[in-house]
Amino acid sequence: MLHRIETTDPITGRDIKDLTGKPYVVEESANEDLVIYFESEESKRRYLDIPVEDPIDHHVNLDNPTDIIID
């Protein structure tokens, strides 16, 4: 399994230098997980309010639903 950590808040676009106590979410798929850190709870909430992209697998937000890797 591949583990990735993203320290750029996807809402604000700012890099987070100190991750201590920062809110985060873990996006998981069958082959990888991605930990995304946020500057604030507000930023995290805005991220979680983004509609799910994959209508078949409703719990996954960032996964490519095929076996073909597309960048």
# chains A, B, ... in the order shown; residues from 1 in each chain; ligands from 1
$ residues_around --residues "range 4-7 of chain A" --least-positions-apart "4" --cutoff "7 Å" --atoms "only C-alpha atoms" --output "PDB file with N, CA and C atoms, in the first residue's frame"
ATOM      1  N   ASP A  15       1.331  26.230   2.173  1.00  0.00           N
ATOM      2  CA  ASP A  15       2.076  25.129   2.771  1.00  0.00           C
ATOM      3  C   ASP A  15       1.986  25.223   4.288  1.00  0.00           C
ATOM      4  N   ILE A  16       1.846  24.072   4.928  1.00  0.00           N
ATOM      5  CA  ILE A  16       1.777  24.002   6.382  1.00  0.00           C
ATOM      6  C   ILE A  16       3.108  23.459   6.871  1.00  0.00           C
ATOM      7  N   ASP A  33      -3.378   5.372   0.499  1.00  0.00           N
ATOM      8  CA  ASP A  33      -4.097   6.338   1.314  1.00  0.00           C
ATOM      9  C   ASP A  33      -3.350   7.665   1.249  1.00  0.00           C
ATOM     10  N   LEU A  34      -4.114   8.720   1.425  1.00  0.00           N
ATOM     11  CA  LEU A  34      -3.595  10.075   1.326  1.00  0.00           C
ATOM     12  C   LEU A  34      -4.049  10.837   2.561  1.00  0.00           C
ATOM     13  N   VAL A  35      -3.089  11.360   3.331  1.00  0.00           N
ATOM     14  CA  VAL A  35      -3.397  12.189   4.488  1.00  0.00           C
ATOM     15  C   VAL A  35      -3.272  13.639   4.032  1.00  0.00           C
ATOM     16  N   ILE A  36      -4.346  14.403   4.184  1.00  0.00           N
ATOM     17  CA  ILE A  36      -4.370  15.803   3.754  1.00  0.00           C
ATOM     18  C   ILE A  36      -4.500  16.682   4.995  1.00  0.00           C
ATOM     19  N   TYR A  37      -3.537  17.573   5.178  1.00  0.00           N
ATOM     20  CA  TYR A  37      -3.561  18.503   6.311  1.00  0.00           C
ATOM     21  C   TYR A  37      -4.166  19.836   5.895  1.00  0.00           C
TER      22      TYR A  37
END
$ residues_around --residues "Lys17 in chain A" --least-positions-apart "3" --cutoff "12 Å" --atoms "only C-alpha atoms" --output "JSON, numbers by chain"
{"A": [6, 7, 8, 9, 14, 20, 21, 22, 37, 38, 39]}
$ atom_distance --atom1 "CA of Arg45 in chain A" --atom2 "CA of Leu2 in chain A"
25.4 Å
$ atom_distance --atom1 "CA of Arg46 in chain A" --atom2 "CA of Asn31 in chain A"
26.1 Å
$ atom_distance --atom1 "CA of Ala30 in chain A" --atom2 "CA of Thr12 in chain A"
28.3 Å
$ decode --residues "range 1-15 of chain A" --atoms "N, CA and C atoms" --output "PDB file, in the first residue's frame"
ATOM      1  N   MET A   1       0.838  -1.176   0.000  1.00  0.00           N
ATOM      2  CA  MET A   1       0.000   0.000   0.000  1.00  0.00           C
ATOM      3  C   MET A   1       0.884   1.240   0.000  1.00  0.00           C
ATOM      4  N   LEU A   2       0.490   2.219  -0.764  1.00  0.00           N
ATOM      5  CA  LEU A   2       1.194   3.495  -0.861  1.00  0.00           C
ATOM      6  C   LEU A   2       0.590   4.483   0.130  1.00  0.00           C
ATOM      7  N   HIS A   3       1.434   5.148   0.910  1.00  0.00           N
ATOM      8  CA  HIS A   3       0.993   6.157   1.867  1.00  0.00           C
ATOM      9  C   HIS A   3       1.552   7.502   1.429  1.00  0.00           C
ATOM     10  N   ARG A   4       0.671   8.495   1.291  1.00  0.00           N
ATOM     11  CA  ARG A   4       1.111   9.834   0.904  1.00  0.00           C
ATOM     12  C   ARG A   4       0.620  10.840   1.934  1.00  0.00           C
ATOM     13  N   ILE A   5       1.391  11.907   2.097  1.00  0.00           N
ATOM     14  CA  ILE A   5       1.018  12.993   3.005  1.00  0.00           C
ATOM     15  C   ILE A   5       1.082  14.288   2.219  1.00  0.00           C
ATOM     16  N   GLU A   6      -0.004  15.048   2.262  1.00  0.00           N
ATOM     17  CA  GLU A   6      -0.070  16.342   1.580  1.00  0.00           C
ATOM     18  C   GLU A   6      -0.104  17.435   2.634  1.00  0.00           C
ATOM     19  N   THR A   7       0.883  18.328   2.595  1.00  0.00           N
ATOM     20  CA  THR A   7       0.975  19.398   3.592  1.00  0.00           C
ATOM     21  C   THR A   7       0.646  20.766   3.006  1.00  0.00           C
ATOM     22  N   THR A   8       0.089  20.791   1.817  1.00  0.00           N
ATOM     23  CA  THR A   8      -0.433  22.033   1.236  1.00  0.00           C
ATOM     24  C   THR A   8      -1.943  21.998   1.381  1.00  0.00           C
ATOM     25  N   ASP A   9      -2.496  22.962   2.110  1.00  0.00           N
ATOM     26  CA  ASP A   9      -3.941  23.026   2.303  1.00  0.00           C
ATOM     27  C   ASP A   9      -4.605  23.166   0.929  1.00  0.00           C
ATOM     28  N   PRO A  10      -5.457  22.226   0.517  1.00  0.00           N
ATOM     29  CA  PRO A  10      -6.051  22.282  -0.822  1.00  0.00           C
ATOM     30  C   PRO A  10      -7.041  23.435  -1.006  1.00  0.00           C
ATOM     31  N   ILE A  11      -7.515  24.015   0.072  1.00  0.00           N
ATOM     32  CA  ILE A  11      -8.459  25.127  -0.017  1.00  0.00           C
ATOM     33  C   ILE A  11      -7.716  26.458  -0.130  1.00  0.00           C
ATOM     34  N   THR A  12      -6.726  26.667   0.730  1.00  0.00           N
ATOM     35  CA  THR A  12      -6.011  27.951   0.733  1.00  0.00           C
ATOM     36  C   THR A  12      -4.787  27.950  -0.171  1.00  0.00           C
ATOM     37  N   GLY A  13      -4.245  26.767  -0.450  1.00  0.00           N
ATOM     38  CA  GLY A  13      -3.039  26.671  -1.276  1.00  0.00           C
ATOM     39  C   GLY A  13      -1.763  26.982  -0.516  1.00  0.00           C
ATOM     40  N   ARG A  14      -1.854  27.156   0.796  1.00  0.00           N
ATOM     41  CA  ARG A  14      -0.669  27.485   1.603  1.00  0.00           C
ATOM     42  C   ARG A  14      -0.015  26.223   2.146  1.00  0.00           C
ATOM     43  N   ASP A  15       1.331  26.230   2.173  1.00  0.00           N
ATOM     44  CA  ASP A  15       2.076  25.129   2.771  1.00  0.00           C
ATOM     45  C   ASP A  15       1.986  25.223   4.288  1.00  0.00           C
TER      46      ASP A  15
END
